[in-house]
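Participant: Could you have a look at this structure, given as structure tokens, before my questions?
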Amino acid sequence: MSSQATTQPQPGRYLAYAWRSLLVSIWFAILTFPIIVIRANTITGTITWRWHNIGWIVGGTFVGSWIWRYFLERKRAGAEATMGPLRQRLAAARAVVTQAARRPAVARGGIAALLLLVVAFPFVGGMYQTNIMTTALLYVVLGLGLNIIIGLGGMLHIGYIAFYALGAYSYALLNLHFGLNFWLALPVGALVGGLFSLAIGIPVLRLRGDYLAIVTLAFAEITRLVLENWSSLTFGTAGIRNIPRPAIAGIRLTLPQTTTFVYFIMILMVVLTIFVVNRLENSRIGRQFVAMKEDFIACQAMGVNIARTKLAALGLGGMWAGLAGVVFAARTTFINPASFTVWESIIVLCTVVLGGMGSIPGVITGALVLILVPEYLRAFAQFRMLLFGAVLVTMMVFRPGGLIQKRRRAYTISAQEKQVAAEIGDPGIQG
């Protein structure tokens, strides 16, 4: 009881929070005064004074700053002590939900409901909503592919979008010159992405951390510049048009039907990616990835071939980027270097970091949040990125592990196993 009392914020600190927040709000109002209050009309030569905005700015900044300081202090004081009752209730509710989800009938019902929702979405939501969801699913595949490199392998990669571009251009050029269709281009794009990822991985095997990030960032920019300036092959900034969409042999699809068809292709690709990444994580090479991420020196001392492990992670991650690039080119029917800027790499990286590195549900959630939230905040177009940035900063401060953090596997010994160990006299298990 005494430890909880000492870690709780003292009542006198509330006044300190209020005083500091008031100073911040006043200072912020002074800084933003020319923008918020004064509106100059250059056509009529008049100035409009919007004094009521001062109240909104001071009040909103005061409340936001006070709440921020209060929760930041609680975080510093120790979450276990300050939020004990709440955490206990959440843990109890989570246990009830988990226990209910483990029942076969409930699990089957949940899977059936999810399957029904996925199948019915393009027919209920319409073409616009289906396009948005297809884009989100595309970033889910990209995020899960980058998760192999960063979340499992622990290699900071900022040039991931380069392999995405190479996959897209491989389909566009092969179709333009040799008439290769979408279905044959899928494995070719994956192969191109994986090979180029291996090619950039060989020279940087000895690099780690920030140095690796700088090299991969440079590779992404070099790739974009090559695509932009090699006009005889890539058509430069004009791009490549009239790329065929995915089709079914003997069936002519309209644009809405093609949109729905691409949506279901992405659903299958997401399911395949989740299956492969999950199996990879639980495999021998996946455990080598995790060991290399956790302790590079110890992993090397245990006999793991670091060079081969790094190249495997880079190659596998690049394959999924190339695969997604083929779908992107077929979906948009037009590509140019402007579609593959470094900003796209940063968005994919944010899906992994925001969702939770190494966590498959986290990466899926992060991709859906990063893509769907800005689309549905178009009504607040002027403040959309401001709100989006505030959410990201809040997440990084109060939940740095991501929305759904990766949980380490824990092995527990049951009472029956302890009893058997006591009978056979195994002191390791008994302890």
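Please note that chains go A, B, ... in the order of the structure tokens, that every chain numbers its residues from 1, and that ligands are numbered from 1 in the order shown.
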Can you tell me which residues surround Ile285 (chain A) at a distance of at most 9 Å, considering only C-alpha atoms, apart from same-chain residues fewer than 6 positions away, and format the answer as a PyMOL selection string?

Facilitator: chain A and resi 309+312-313

Participant: If you count only C-alpha atoms, which residues fall within 8 Å of Leu142 (chain A), apart from same-chain ones fewer than 6 positions away, as a list in words?

Facilitator: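 Near Leu142 (chain A), the qualifying residues are Trp320, Ala321, Ala324 and Val348 of chain A.
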
Participant: Write the selection just made, keeping N, CA and C atoms, as an mmCIF file, in the first residue's frame?

Facilitator:
data_model
loop_
_atom_site.group_PDB
_atom_site.id
_atom_site.type_symbol
_atom_site.label_atom_id
_atom_site.label_comp_id
_atom_site.auth_asym_id
_atom_site.auth_seq_id
_atom_site.Cartn_x
_atom_site.Cartn_y
_atom_site.Cartn_z
ATOM 1 N N TRP A 320 8.994 -10.737 -51.329
ATOM 2 C CA TRP A 320 7.620 -10.274 -51.097
ATOM 3 C C TRP A 320 7.415 -8.868 -51.630
ATOM 4 N N ALA A 321 8.462 -8.033 -51.583
ATOM 5 C CA ALA A 321 8.341 -6.695 -52.161
ATOM 6 C C ALA A 321 8.157 -6.778 -53.673
ATOM 7 N N ALA A 324 4.584 -7.911 -54.441
ATOM 8 C CA ALA A 324 3.628 -6.819 -54.272
ATOM 9 C C ALA A 324 3.757 -5.791 -55.383
ATOM 10 N N VAL A 348 6.133 2.147 -45.153
ATOM 11 C CA VAL A 348 6.203 0.702 -44.887
ATOM 12 C C VAL A 348 6.952 0.443 -43.581
#

Participant: For Ala367 (chain A), find every residue with an atom within 9 Å (counting only C-alpha atoms), except residues of its own chain fewer than 5 positions away, and show them as a list in words.

Facilitator: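 Using only C-alpha atoms, the neighbours found are Ala136, Leu137, Leu138, Tyr139, Val140, Val141, Leu142, Gly143, Ile347, Val348, Cys350, Thr351, Val352, Leu354, Gly355, Gly362 and Leu372 of chain A.
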
Participant: To one decimal place, how far is CA of Glu281 (chain A) from CA of Ala301 (chain A) in Å?

Facilitator: 21.4 Å

Participant: So which residues touch Gly239 (chain A) within 6 Å, counting only C-alpha atoms, skipping near sequence neighbours fewer than 4 positions away, as a list in words?

Facilitator: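 Non-adjacent residues within range: Phe235, Ile335 and Asn336 of chain A.
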
Participant: Extract, using only C-alpha atoms, all DNA, RNA and protein residues at most 8 Å from region 249-261 of chain A, discarding same-chain residues fewer than 6 positions from it, and format them as a list in words.

Facilitator: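 Here the answer would be Pro122, Met127, Thr130, Asn131 and Arg331 of chain A.
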
Participant: Residues of region 202-405 of chain A classed as strand (DSSP E or B) by DSSP on the backbone are to be reported as a list of chain:residue names.

Facilitator: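 Everything in region 202-405 of chain A that counts as strand (DSSP E or B) is A:Ile240, A:Ile248, A:Ile251, A:Ile335.
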
Participant: Using the selection just defined, write its residues with N, CA and C atoms as a PDB file, in the first residue's frame.

Facilitator:
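As a result, result-v2.pdb now contains:
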ATOM      1  N   ILE A 240       5.301   4.005 -67.759  1.00  0.00           N
ATOM      2  CA  ILE A 240       4.782   2.968 -68.657  1.00  0.00           C
ATOM      3  C   ILE A 240       3.270   2.886 -68.462  1.00  0.00           C
ATOM      4  N   ILE A 248      -8.946 -13.364 -66.120  1.00  0.00           N
ATOM      5  CA  ILE A 248      -9.217 -14.797 -66.155  1.00  0.00           C
ATOM      6  C   ILE A 248      -9.368 -15.196 -67.616  1.00  0.00           C
ATOM      7  N   ILE A 251     -12.615 -14.852 -70.034  1.00  0.00           N
ATOM      8  CA  ILE A 251     -13.654 -14.042 -69.403  1.00  0.00           C
ATOM      9  C   ILE A 251     -13.240 -12.580 -69.492  1.00  0.00           C
ATOM     10  N   ILE A 335       2.800   3.079 -64.162  1.00  0.00           N
ATOM     11  CA  ILE A 335       3.828   3.287 -63.147  1.00  0.00           C
ATOM     12  C   ILE A 335       4.857   4.272 -63.677  1.00  0.00           C
TER      13      ILE A 335
END

Participant: Give me, please, the distance in Å between CA of Leu176 (chain A) and CA of Glu228 (chain A), quoted to one decimal.

Facilitator: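 Computing the Euclidean distance for CA of Leu176 (chain A) and CA of Glu228 (chain A) yields 17.7 Å.
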
Participant: I'd like the neighbourhood of Ile200 (chain A) as a list in words, where a residue qualifies if any of its atoms comes within 12 Å (using only C-alpha atoms), though same-chain residues fewer than 5 positions away should be ignored.

Facilitator: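 These residues fall inside the cut-off: His157, Gly159, Tyr160, Ala162, Phe163, Gly193, Gly194, Leu195, Leu205, Leu207, Leu212, Val215, Thr216, Leu217, Ala218, Phe219, Ala220, Ile222, Thr223, Lys310, Leu311, Leu314, Gly315 and Gly318 of chain A.
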
Participant: Set the distance at 12 Å and use only C-alpha atoms: which residues neighbour Thr61 (chain A) once local chain neighbours fewer than 4 positions away are removed? I'd like the list as an MDAnalysis selection string.

Facilitator: chainID A and resid 18 20:29 32 53:57 65:69

Participant: Which residue gives the smallest distance to Thr332 (chain A) among A:Asn41, A:Asn229, A:Gln129, A:Asn242, with only C-alpha atoms counted?

Facilitator: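 Closest to Thr332 (chain A), using only C-alpha atoms: A:Asn242.
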
Participant: Pick from A:Ile47, A:Gly167, A:Ile306, A:Ala120: nearest to Val290 (chain A), with only C-alpha atoms counted?

Facilitator: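 Selected residue with least distance to Val290 (chain A): A:Ile306.
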